[in-house]
file my_file_1.pdb (PDB, C-alpha atoms)
ATOM      1  CA  MET K   1       6.988  17.461  -2.591
ATOM      2  CA  LYS K   2       6.989  15.609   0.713
ATOM      3  CA  LEU K   3       6.248  12.092  -0.420
ATOM      4  CA  GLY K   4       4.623   9.301   1.534
ATOM      5  CA  ILE K   5       4.974   5.920  -0.175
ATOM      6  CA  VAL K   6       2.437   3.109   0.288
ATOM      7  CA  GLY K   7       3.571  -0.429  -0.497
ATOM      8  CA  ALA K   8       6.595  -2.700  -0.316
ATOM      9  CA  GLY K   9       6.523  -4.510  -3.654
ATOM     10  CA  MET K  10       8.635  -4.405  -6.799
ATOM     11  CA  ILE K  11       7.261  -1.109  -8.089
ATOM     12  CA  VAL K  12       8.181   0.631  -4.815
ATOM     13  CA  ALA K  13      11.692  -0.826  -4.949
ATOM     14  CA  ASP K  14      11.927   0.476  -8.519
ATOM     15  CA  LEU K  15      10.847   3.945  -7.403
ATOM     16  CA  LEU K  16      13.355   4.050  -4.569
ATOM     17  CA  SER K  17      16.195   3.127  -6.940
ATOM     18  CA  PHE K  18      16.154   6.605  -8.530
ATOM     19  CA  ILE K  19      13.877   8.955  -6.578
ATOM     20  CA  ARG K  20      16.706  10.537  -4.574
ATOM     21  CA  GLU K  21      18.070  11.898  -7.867
ATOM     22  CA  ILE K  22      15.203  14.417  -7.783
ATOM     23  CA  PRO K  23      16.305  16.750  -4.958
ATOM     24  CA  ALA K  24      12.940  18.520  -4.733
ATOM     25  CA  ILE K  25      11.279  15.291  -3.567
ATOM     26  CA  THR K  26      11.636  14.500   0.130
ATOM     27  CA  LEU K  27      11.033  10.911   1.206
ATOM     28  CA  ALA K  28       8.932  11.835   4.205
ATOM     29  CA  ALA K  29       7.441   8.422   5.003
ATOM     30  CA  ILE K  30       6.724   4.890   3.837
ATOM     31  CA  SER K  31       3.893   2.631   4.955
ATOM     32  CA  SER K  32       3.103  -1.055   4.653
ATOM     33  CA  ARG K  33       1.718  -3.865   6.749
ATOM     34  CA  PRO K  34       3.599  -5.085   9.854
ATOM     35  CA  SER K  35       4.950  -8.158   8.067
ATOM     36  CA  HIS K  36       7.056  -5.817   5.905
ATOM     37  CA  GLU K  37       8.620  -3.967   8.853
ATOM     38  CA  GLU K  38      12.103  -5.401   8.303
ATOM     39  CA  LYS K  39      12.080  -4.377   4.630
ATOM     40  CA  LEU K  40      10.839  -0.884   5.502
ATOM     41  CA  LEU K  41      13.579  -0.448   8.088
ATOM     42  CA  MET K  42      16.182  -1.518   5.538
ATOM     43  CA  TRP K  43      14.821   0.932   2.981
ATOM     44  CA  GLN K  44      14.682   3.664   5.598
ATOM     45  CA  GLN K  45      18.369   3.252   6.303
ATOM     46  CA  THR K  46      19.374   2.842   2.650
ATOM     47  CA  TYR K  47      17.353   5.696   1.181
ATOM     48  CA  GLY K  48      17.060   8.116   4.072
ATOM     49  CA  ILE K  49      13.285   7.848   4.505
ATOM     50  CA  GLU K  50      12.274  10.009   7.454
ATOM     51  CA  THR K  51       9.546   7.822   8.993
ATOM     52  CA  ILE K  52       8.092   4.347   8.577
ATOM     53  CA  HIS K  53       4.484   3.534   9.383
ATOM     54  CA  LEU K  54       2.959   0.109   9.868
ATOM     55  CA  ASP K  55      -0.519   1.615   9.726
ATOM     56  CA  TYR K  56      -1.806   3.600   6.725
ATOM     57  CA  GLN K  57      -3.972   5.869   8.866
ATOM     58  CA  GLU K  58      -0.895   6.936  10.825
ATOM     59  CA  MET K  59       0.826   8.019   7.625
ATOM     60  CA  LEU K  60      -2.240   9.935   6.494
ATOM     61  CA  ALA K  61      -2.123  11.767   9.830
ATOM     62  CA  ASN K  62       1.572  12.592   9.333
ATOM     63  CA  GLU K  63       1.689  16.349   8.686
ATOM     64  CA  SER K  64       5.126  16.011   7.104
ATOM     65  CA  VAL K  65       3.514  14.224   4.144
ATOM     66  CA  ASP K  66       1.717  16.266   1.481
ATOM     67  CA  THR K  67       1.570  13.691  -1.328
ATOM     68  CA  ILE K  68       0.800   9.974  -1.266
ATOM     69  CA  TYR K  69       2.228   7.563  -3.839
ATOM     70  CA  ILE K  70       0.190   4.364  -4.056
ATOM     71  CA  GLY K  71       2.203   1.361  -5.234
ATOM     72  CA  LEU K  72      -0.206  -1.398  -4.213
ATOM     73  CA  PRO K  73      -2.006  -4.209  -6.092
ATOM     74  CA  ASN K  74      -4.599  -2.963  -8.565
ATOM     75  CA  HIS K  75      -7.723  -3.682  -6.528
ATOM     76  CA  LEU K  76      -6.513  -1.496  -3.639
ATOM     77  CA  HIS K  77      -5.926   1.666  -5.685
ATOM     78  CA  TYR K  78      -9.446   3.024  -5.309
ATOM     79  CA  ALA K  79      -9.817   2.641  -1.535
ATOM     80  CA  TYR K  80      -6.339   3.893  -0.660
ATOM     81  CA  THR K  81      -6.612   6.852  -3.034
ATOM     82  CA  LYS K  82      -9.999   7.809  -1.633
ATOM     83  CA  GLU K  83      -8.718   7.728   1.945
ATOM     84  CA  ALA K  84      -5.733   9.878   1.011
ATOM     85  CA  LEU K  85      -7.918  12.474  -0.719
ATOM     86  CA  LEU K  86     -10.304  12.562   2.227
ATOM     87  CA  SER K  87      -7.254  13.207   4.424
ATOM     88  CA  GLY K  88      -6.274  16.222   2.329
ATOM     89  CA  LYS K  89      -3.305  14.673   0.536
ATOM     90  CA  HIS K  90      -2.406  14.929  -3.130
ATOM     91  CA  VAL K  91      -2.210  11.477  -4.746
ATOM     92  CA  ILE K  92       0.003   9.808  -7.333
ATOM     93  CA  CYS K  93      -1.576   6.422  -8.048
ATOM     94  CA  GLU K  94       0.137   3.670  -9.995
ATOM     95  CA  LYS K  95      -1.543   2.434 -13.140
ATOM     96  CA  PRO K  96      -4.161   1.140 -13.631
ATOM     97  CA  PHE K  97      -5.852   4.038 -11.875
ATOM     98  CA  THR K  98      -8.803   1.941 -10.704
ATOM     99  CA  SER K  99     -10.585  -1.334 -11.442
ATOM    100  CA  ASN K 100     -13.383   0.356 -13.388
ATOM    101  CA  LEU K 101     -14.639   3.678 -14.698
ATOM    102  CA  ARG K 102     -17.128   4.178 -11.864
ATOM    103  CA  GLU K 103     -14.350   4.165  -9.268
ATOM    104  CA  PHE K 104     -12.249   6.538 -11.360
ATOM    105  CA  MET K 105     -15.069   9.066 -11.787
ATOM    106  CA  GLU K 106     -15.726   9.097  -8.048
ATOM    107  CA  LEU K 107     -12.056   9.803  -7.284
ATOM    108  CA  LYS K 108     -11.837  12.480  -9.968
ATOM    109  CA  GLU K 109     -14.870  14.277  -8.553
ATOM    110  CA  LEU K 110     -13.580  13.975  -4.981
ATOM    111  CA  ALA K 111     -10.186  15.451  -5.909
ATOM    112  CA  GLN K 112     -11.865  18.379  -7.626
ATOM    113  CA  GLN K 113     -14.149  18.985  -4.652
ATOM    114  CA  LYS K 114     -11.157  18.981  -2.323
ATOM    115  CA  GLY K 115      -8.950  21.098  -4.593
ATOM    116  CA  LEU K 116      -6.336  18.353  -4.588
ATOM    117  CA  LEU K 117      -4.069  17.026  -7.332
ATOM    118  CA  LEU K 118      -4.724  13.474  -8.484
ATOM    119  CA  LEU K 119      -2.308  11.901 -10.958
ATOM    120  CA  GLU K 120      -1.826   8.487 -12.549
ATOM    121  CA  ALA K 121       1.723   7.138 -12.624
ATOM    122  CA  ILE K 122       1.936   6.027 -16.251
ATOM    123  CA  SER K 123       5.493   6.320 -17.471
ATOM    124  CA  ASN K 124       5.101   6.603 -21.227
ATOM    125  CA  GLN K 125       3.028   9.790 -21.114
ATOM    126  CA  TYR K 126       5.990  11.696 -19.669
ATOM    127  CA  LEU K 127       8.924  10.166 -21.511
ATOM    128  CA  LYS K 128      10.956  12.500 -23.699
ATOM    129  CA  ASN K 129      11.036   9.909 -26.468
ATOM    130  CA  TYR K 130       7.232   9.766 -26.385
ATOM    131  CA  ALA K 131       7.043  13.530 -26.860
ATOM    132  CA  ALA K 132       9.602  13.285 -29.668
ATOM    133  CA  MET K 133       7.565  10.555 -31.352
ATOM    134  CA  ARG K 134       4.488  12.778 -31.273
ATOM    135  CA  GLY K 135       6.462  15.370 -33.245
ATOM    136  CA  TYR K 136       7.091  12.861 -36.042
ATOM    137  CA  LEU K 137       3.451  11.772 -36.450
ATOM    138  CA  PRO K 138       2.512  14.543 -38.938
ATOM    139  CA  LYS K 139       5.357  13.356 -41.188
ATOM    140  CA  LEU K 140       3.600  10.008 -41.678
ATOM    141  CA  GLY K 141       0.738  11.475 -43.704
ATOM    142  CA  ASP K 142      -2.593   9.707 -43.258
ATOM    143  CA  ILE K 143      -2.317   7.102 -40.503
ATOM    144  CA  LYS K 144      -3.521   3.695 -41.663
ATOM    145  CA  ILE K 145      -2.379   1.016 -39.213
ATOM    146  CA  VAL K 146      -1.123   1.086 -35.605
ATOM    147  CA  GLU K 147       0.248  -2.070 -33.995
ATOM    148  CA  CYS K 148       1.528  -2.484 -30.435
ATOM    149  CA  ASN K 149       2.770  -5.726 -28.911
ATOM    150  CA  TYR K 150       3.799  -6.032 -25.276
ATOM    151  CA  SER K 151       4.228  -9.731 -24.557
ATOM    152  CA  GLN K 152       6.112 -11.081 -21.581
ATOM    153  CA  TYR K 153       5.792 -14.597 -20.201
ATOM    154  CA  SER K 154       4.923 -14.052 -16.567
ATOM    155  CA  SER K 155       7.076 -15.651 -13.906
ATOM    156  CA  ARG K 156       3.786 -16.324 -12.104
ATOM    157  CA  TYR K 157       2.005 -18.036 -14.995
ATOM    158  CA  ASP K 158       3.393 -21.500 -14.227
ATOM    159  CA  ALA K 159       2.088 -21.232 -10.680
ATOM    160  CA  PHE K 160      -1.269 -20.090 -12.041
ATOM    161  CA  LYS K 161      -1.443 -23.112 -14.367
ATOM    162  CA  ALA K 162      -0.645 -25.324 -11.380
ATOM    163  CA  GLY K 163      -3.683 -23.958  -9.557
ATOM    164  CA  GLU K 164      -2.181 -21.153  -7.448
ATOM    165  CA  VAL K 165      -3.937 -17.823  -7.880
ATOM    166  CA  LEU K 166      -1.603 -14.877  -7.369
ATOM    167  CA  PRO K 167      -2.604 -11.190  -7.682
ATOM    168  CA  ALA K 168      -1.306 -11.014 -11.272
ATOM    169  CA  PHE K 169      -3.947 -13.536 -12.379
ATOM    170  CA  ASN K 170      -6.694 -12.962  -9.825
ATOM    171  CA  PRO K 171      -9.951 -11.449 -11.156
ATOM    172  CA  GLU K 172     -10.912 -10.499  -7.608
ATOM    173  CA  MET K 173      -7.778  -8.334  -7.511
ATOM    174  CA  SER K 174      -8.224  -6.806 -10.994
ATOM    175  CA  GLY K 175      -5.312  -8.731 -12.474
ATOM    176  CA  GLY K 176      -4.724 -10.016 -15.977
ATOM    177  CA  ALA K 177      -3.004  -8.951 -19.162
ATOM    178  CA  LEU K 178      -5.281  -6.018 -20.016
ATOM    179  CA  MET K 179      -4.735  -4.238 -16.708
ATOM    180  CA  ASP K 180      -1.062  -5.063 -16.442
ATOM    181  CA  ILE K 181       0.843  -4.734 -19.705
ATOM    182  CA  ASN K 182      -1.710  -3.976 -22.423
ATOM    183  CA  LEU K 183      -2.635  -0.876 -20.448
ATOM    184  CA  TYR K 184       0.674   0.694 -21.506
ATOM    185  CA  ASN K 185      -0.291   0.154 -25.136
ATOM    186  CA  ILE K 186      -3.676   1.774 -24.539
ATOM    187  CA  HIS K 187      -2.109   4.802 -22.878
ATOM    188  CA  LEU K 188       0.360   5.166 -25.735
ATOM    189  CA  VAL K 189      -2.318   5.030 -28.443
ATOM    190  CA  VAL K 190      -4.936   7.141 -26.641
ATOM    191  CA  GLY K 191      -2.253   9.698 -25.780
ATOM    192  CA  PHE K 192      -1.491  10.114 -29.483
ATOM    193  CA  PHE K 193      -4.915   9.717 -31.073
ATOM    194  CA  GLY K 194      -7.594  10.178 -28.409
ATOM    195  CA  SER K 195     -10.613   7.935 -27.940
ATOM    196  CA  PRO K 196     -11.430   5.275 -30.539
ATOM    197  CA  LEU K 197     -14.844   4.906 -32.142
ATOM    198  CA  LYS K 198     -15.123   1.192 -31.367
ATOM    199  CA  VAL K 199     -13.419  -1.206 -28.950
ATOM    200  CA  GLU K 200     -13.321  -4.995 -29.024
ATOM    201  CA  TYR K 201     -11.194  -7.232 -26.811
ATOM    202  CA  LEU K 202     -10.487 -10.775 -27.951
ATOM    203  CA  ALA K 203      -9.137 -12.327 -24.766
ATOM    204  CA  ASN K 204      -7.655 -15.711 -23.959
ATOM    205  CA  MET K 205      -9.515 -16.449 -20.743
ATOM    206  CA  GLU K 206      -8.447 -18.957 -18.103
ATOM    207  CA  ARG K 207     -10.387 -19.334 -14.862
ATOM    208  CA  GLY K 208     -12.056 -15.960 -15.252
ATOM    209  CA  ILE K 209      -8.976 -13.892 -16.113
ATOM    210  CA  ASP K 210      -7.361 -12.790 -19.372
ATOM    211  CA  THR K 211      -3.889 -14.284 -19.600
ATOM    212  CA  SER K 212      -3.423 -12.637 -23.003
ATOM    213  CA  GLY K 213      -5.518 -10.860 -25.588
ATOM    214  CA  ILE K 214      -5.827  -8.754 -28.702
ATOM    215  CA  LEU K 215      -7.467  -5.351 -28.312
ATOM    216  CA  LEU K 216      -8.944  -3.882 -31.492
ATOM    217  CA  LEU K 217      -9.410  -0.106 -31.620
ATOM    218  CA  ASP K 218     -11.269   1.355 -34.586
ATOM    219  CA  TYR K 219     -10.528   5.014 -35.256
ATOM    220  CA  GLY K 220     -12.526   5.102 -38.453
ATOM    221  CA  HIS K 221      -9.808   6.360 -40.794
ATOM    222  CA  PHE K 222      -7.287   3.916 -39.303
ATOM    223  CA  LYS K 223      -7.256   0.689 -37.333
ATOM    224  CA  CYS K 224      -5.210  -0.243 -34.286
ATOM    225  CA  VAL K 225      -4.327  -3.539 -32.633
ATOM    226  CA  CYS K 226      -2.874  -3.742 -29.119
ATOM    227  CA  ILE K 227      -1.518  -7.125 -28.047
ATOM    228  CA  GLY K 228      -0.791  -7.903 -24.421
ATOM    229  CA  SER K 229       0.352 -11.309 -23.246
ATOM    230  CA  LYS K 230       1.409 -12.797 -19.932
ATOM    231  CA  ASP K 231       1.146 -16.417 -21.101
ATOM    232  CA  SER K 232       3.551 -16.205 -24.049
ATOM    233  CA  SER K 233       6.352 -14.002 -25.306
ATOM    234  CA  ALA K 234       7.481 -12.411 -28.542
ATOM    235  CA  PRO K 235       9.687  -9.494 -29.609
ATOM    236  CA  ASN K 236       8.033  -6.346 -28.272
ATOM    237  CA  ALA K 237       7.435  -3.655 -30.840
ATOM    238  CA  MET K 238       5.222  -0.830 -32.023
ATOM    239  CA  ASN K 239       4.547   0.328 -35.569
ATOM    240  CA  ILE K 240       2.626   3.400 -36.671
ATOM    241  CA  GLN K 241       2.067   3.232 -40.418
ATOM    242  CA  GLY K 242       1.059   6.163 -42.612
ATOM    243  CA  ASN K 243       0.878   6.610 -46.348
ATOM    244  CA  GLN K 244       4.065   8.706 -46.273
ATOM    245  CA  GLY K 245       6.155   6.636 -43.870
ATOM    246  CA  TYR K 246       6.219   4.793 -40.591
ATOM    247  CA  ILE K 247       7.526   4.878 -37.030
ATOM    248  CA  ARG K 248       8.910   1.701 -35.496
ATOM    249  CA  MET K 249       9.854   1.088 -31.891
ATOM    250  CA  ALA K 250      11.561  -2.155 -30.846
ATOM    251  CA  SER K 251      10.825  -1.891 -27.122
ATOM    252  CA  THR K 252       7.899  -2.085 -24.730
ATOM    253  CA  ALA K 253       5.391   0.744 -24.505
ATOM    254  CA  ASN K 254       6.372   1.587 -20.935
ATOM    255  CA  VAL K 255      10.015   2.285 -21.808
ATOM    256  CA  ILE K 256      10.380   3.701 -25.356
ATOM    257  CA  ASP K 257      14.158   3.382 -25.420
ATOM    258  CA  SER K 258      14.346   4.772 -28.943
ATOM    259  CA  PHE K 259      12.460   4.652 -32.232
ATOM    260  CA  GLU K 260      12.989   4.910 -35.965
ATOM    261  CA  TYR K 261      11.241   7.271 -38.352
ATOM    262  CA  VAL K 262      11.256   6.049 -41.941
ATOM    263  CA  ALA K 263       9.875   8.160 -44.770
ATOM    264  CA  ASN K 264       8.799   6.189 -47.833
ATOM    265  CA  LYS K 265      11.862   4.784 -49.618
ATOM    266  CA  GLN K 266      14.209   6.805 -47.382
ATOM    267  CA  THR K 267      16.949   5.849 -44.943
ATOM    268  CA  PRO K 268      15.714   5.252 -41.354
ATOM    269  CA  VAL K 269      16.295   8.050 -38.846
ATOM    270  CA  ARG K 270      16.958   6.786 -35.324
ATOM    271  CA  VAL K 271      15.659   9.023 -32.549
ATOM    272  CA  ASP K 272      16.635   8.863 -28.883
ATOM    273  CA  VAL K 273      16.392  12.027 -26.790
ATOM    274  CA  LYS K 274      16.078  10.512 -23.324
ATOM    275  CA  ASP K 275      18.481  11.859 -20.716
ATOM    276  CA  HIS K 276      17.819   9.375 -17.917
ATOM    277  CA  ALA K 277      17.900   5.596 -18.053
ATOM    278  CA  HIS K 278      15.001   4.927 -15.680
ATOM    279  CA  ARG K 279      11.560   4.881 -17.283
ATOM    280  CA  MET K 280       9.874   6.462 -14.232
ATOM    281  CA  TYR K 281      12.243   9.398 -13.786
ATOM    282  CA  ASP K 282      10.573  11.860 -16.171
ATOM    283  CA  GLU K 283       7.101  11.344 -14.750
ATOM    284  CA  PHE K 284       8.217  12.044 -11.176
ATOM    285  CA  VAL K 285      10.100  15.151 -12.230
ATOM    286  CA  GLU K 286       6.849  16.383 -13.763
ATOM    287  CA  PHE K 287       4.714  15.264 -10.805
ATOM    288  CA  GLU K 288       6.919  17.286  -8.483
ATOM    289  CA  ARG K 289       6.551  20.355 -10.688
ATOM    290  CA  ILE K 290       2.772  19.988 -11.001
ATOM    291  CA  ILE K 291       2.340  19.728  -7.242
ATOM    292  CA  ARG K 292       4.848  22.473  -6.387
ATOM    293  CA  GLU K 293       3.262  24.900  -8.847
ATOM    294  CA  ALA K 294      -0.292  23.713  -8.148
ATOM    295  CA  ASP K 295      -0.687  23.295 -11.904
ATOM    296  CA  LEU K 296      -4.358  22.374 -11.889
ATOM    297  CA  ALA K 297      -4.632  22.751 -15.665
ATOM    298  CA  LYS K 298      -1.975  20.117 -16.351
ATOM    299  CA  ALA K 299      -3.375  17.806 -13.695
ATOM    300  CA  GLN K 300      -6.834  18.151 -15.253
ATOM    301  CA  GLU K 301      -5.413  17.455 -18.719
ATOM    302  CA  MET K 302      -3.834  14.229 -17.481
ATOM    303  CA  LEU K 303      -7.012  13.226 -15.641
ATOM    304  CA  GLU K 304      -8.958  13.646 -18.881
ATOM    305  CA  HIS K 305      -6.430  11.397 -20.594
ATOM    306  CA  SER K 306      -6.740   8.777 -17.832
ATOM    307  CA  GLN K 307     -10.521   8.940 -18.142
ATOM    308  CA  LYS K 308     -10.346   8.154 -21.868
ATOM    309  CA  VAL K 309      -8.114   5.187 -21.071
ATOM    310  CA  MET K 310     -10.512   3.925 -18.409
ATOM    311  CA  GLN K 311     -13.375   4.225 -20.895
ATOM    312  CA  VAL K 312     -11.452   1.988 -23.320
ATOM    313  CA  VAL K 313     -10.725  -0.468 -20.495
ATOM    314  CA  GLU K 314     -14.402  -0.570 -19.540
ATOM    315  CA  LEU K 315     -15.470  -1.312 -23.126
ATOM    316  CA  ALA K 316     -12.741  -3.948 -23.460
ATOM    317  CA  LYS K 317     -13.815  -5.713 -20.275
ATOM    318  CA  SER K 318     -17.443  -5.708 -21.376
ATOM    319  CA  SER K 319     -16.494  -7.088 -24.787
ATOM    320  CA  ALA K 320     -14.608 -10.015 -23.237
ATOM    321  CA  ASP K 321     -17.017 -10.612 -20.310
ATOM    322  CA  LEU K 322     -14.120  -9.821 -17.983
ATOM    323  CA  VAL K 323     -15.471  -9.112 -14.501
ATOM    324  CA  PHE K 324     -13.444  -8.053 -11.469
ATOM    325  CA  GLY K 325     -14.359  -8.211  -7.821
ATOM    326  CA  ALA K 326     -14.858  -4.437  -7.789
ATOM    327  CA  ASP K 327     -17.430  -4.708 -10.575
ATOM    328  CA  ARG K 328     -19.877  -6.825  -8.582
TER     329      ARG K 328
END

call {"tool": "encode", "arguments": {"input": "my_file_1.pdb", "output": "structure tokens"}}
result
Amino acid sequence: MKLGIVGAGMIVADLLSFIREIPAITLAAISSRPSHEEKLLMWQQTYGIETIHLDYQEMLANESVDTIYIGLPNHLHYAYTKEALLSGKHVICEKPFTSNLREFMELKELAQQKGLLLLEAISNQYLKNYAAMRGYLPKLGDIKIVECNYSQYSSRYDAFKAGEVLPAFNPEMSGGALMDINLYNIHLVVGFFGSPLKVEYLANMERGIDTSGILLLDYGHFKCVCIGSKDSSAPNAMNIQGNQGYIRMASTANVIDSFEYVANKQTPVRVDVKDHAHRMYDEFVEFERIIREADLAKAQEMLEHSQKVMQVVELAKSSADLVFGADR
């Protein structure tokens, strides 16, 4: 994979911290706006990036790049992904894929028309501990209750309360708790159990954006609650309860450091099979393989998963009267 990176924010810095540990990925280029030139030059020197671009169109014209990674604010994902696909590049787009289902479906269709690979960067779907957890689900018997809580007081919330609107809390930029941290919970649950029968989002709304909320997913034979908060904090955890035991994870849904499997009245079994500390490592190893092998079947499988997630997001937004700029 000859990777072209778009963006200069925290998620891109996170990516650069480990990506050179995957030898099959070449850092062919990085692009951002001219005001980030100094940072790009520093990263180029530190990480051995071949070329920097201060214009996105120039990077799309760079024949050394075959795959674009989009690490931009949420509301830009659709437009930048579409341009990359139209330029004949494979795309890895950070979560959330798009601001709404309509945008997602257009990109999915365009990628298929072009014969290109389109993937959502969502760490938990590729983590080894997530796969291991899936293997323990049948041991729980009939699932009854699923509970996920990802709550983290945002460093930007104080500024928001003071009247400053930053991307994290800007409805015009598809911000808020649902699209930021609760999305990891949705991916985790939908990845295990598929689409729910009913969706309801009880959101704490401030100035048109959800600063926290409780997402209720009804699967008929079991019920699920996903809590996401950027205006308060609590111990992050996940519990999957069945009539023969439970699984408990005391970490956020984007990391899955380890988990416990507990059969009824039995001693807990701690499980941790990860072999790399960074939460994004496993997904990029798999992205490289999918693109190198042109594994259209796997890419399609993951697109179908992302579509189910976007359908939940769309129902949640409608339930809470949450409207983004892209929805108008």

call {"tool": "closest_residue", "arguments": {"input": "my_file_1.pdb", "among": "K:Ser318, K:Asn182, K:Gln307, K:Gln300", "to": "K:Ala253", "atoms": "all atoms listed in the file"}}
result
K:Asn182

call {"tool": "closest_residue", "arguments": {"input": "my_file_1.pdb", "among": "K:Thr51, K:Gln311, K:Thr46, K:Asn254", "to": "K:Ala121", "atoms": "all atoms listed in the file"}}
result
K:Asn254

call {"tool": "closest_residue", "arguments": {"input": "my_file_1.pdb", "among": "K:Ala250, K:Ala299, K:Val12, K:Leu322", "to": "K:Ser32", "atoms": "all atoms listed in the file"}}
result
K:Val12

call {"tool": "closest_residue", "arguments": {"input": "my_file_1.pdb", "among": "K:Asp55, K:Ile227, K:Lys161, K:Leu72", "to": "K:Met10", "atoms": "only C-alpha atoms"}}
result
K:Leu72

call {"tool": "residues_around", "arguments": {"input": "my_file_1.pdb", "residues": "K:Lys265", "least_positions_apart": "3", "cutoff": "12 Å", "atoms": "all atoms listed in the file", "output": "PyMOL selection string"}}
result
chain K and resi 243-246+261-262+268

call {"tool": "atom_distance", "arguments": {"input": "my_file_1.pdb", "atom1": "atom CA of K:Ser87", "atom2": "atom CA of K:Lys114"}}
result
9.7 Å
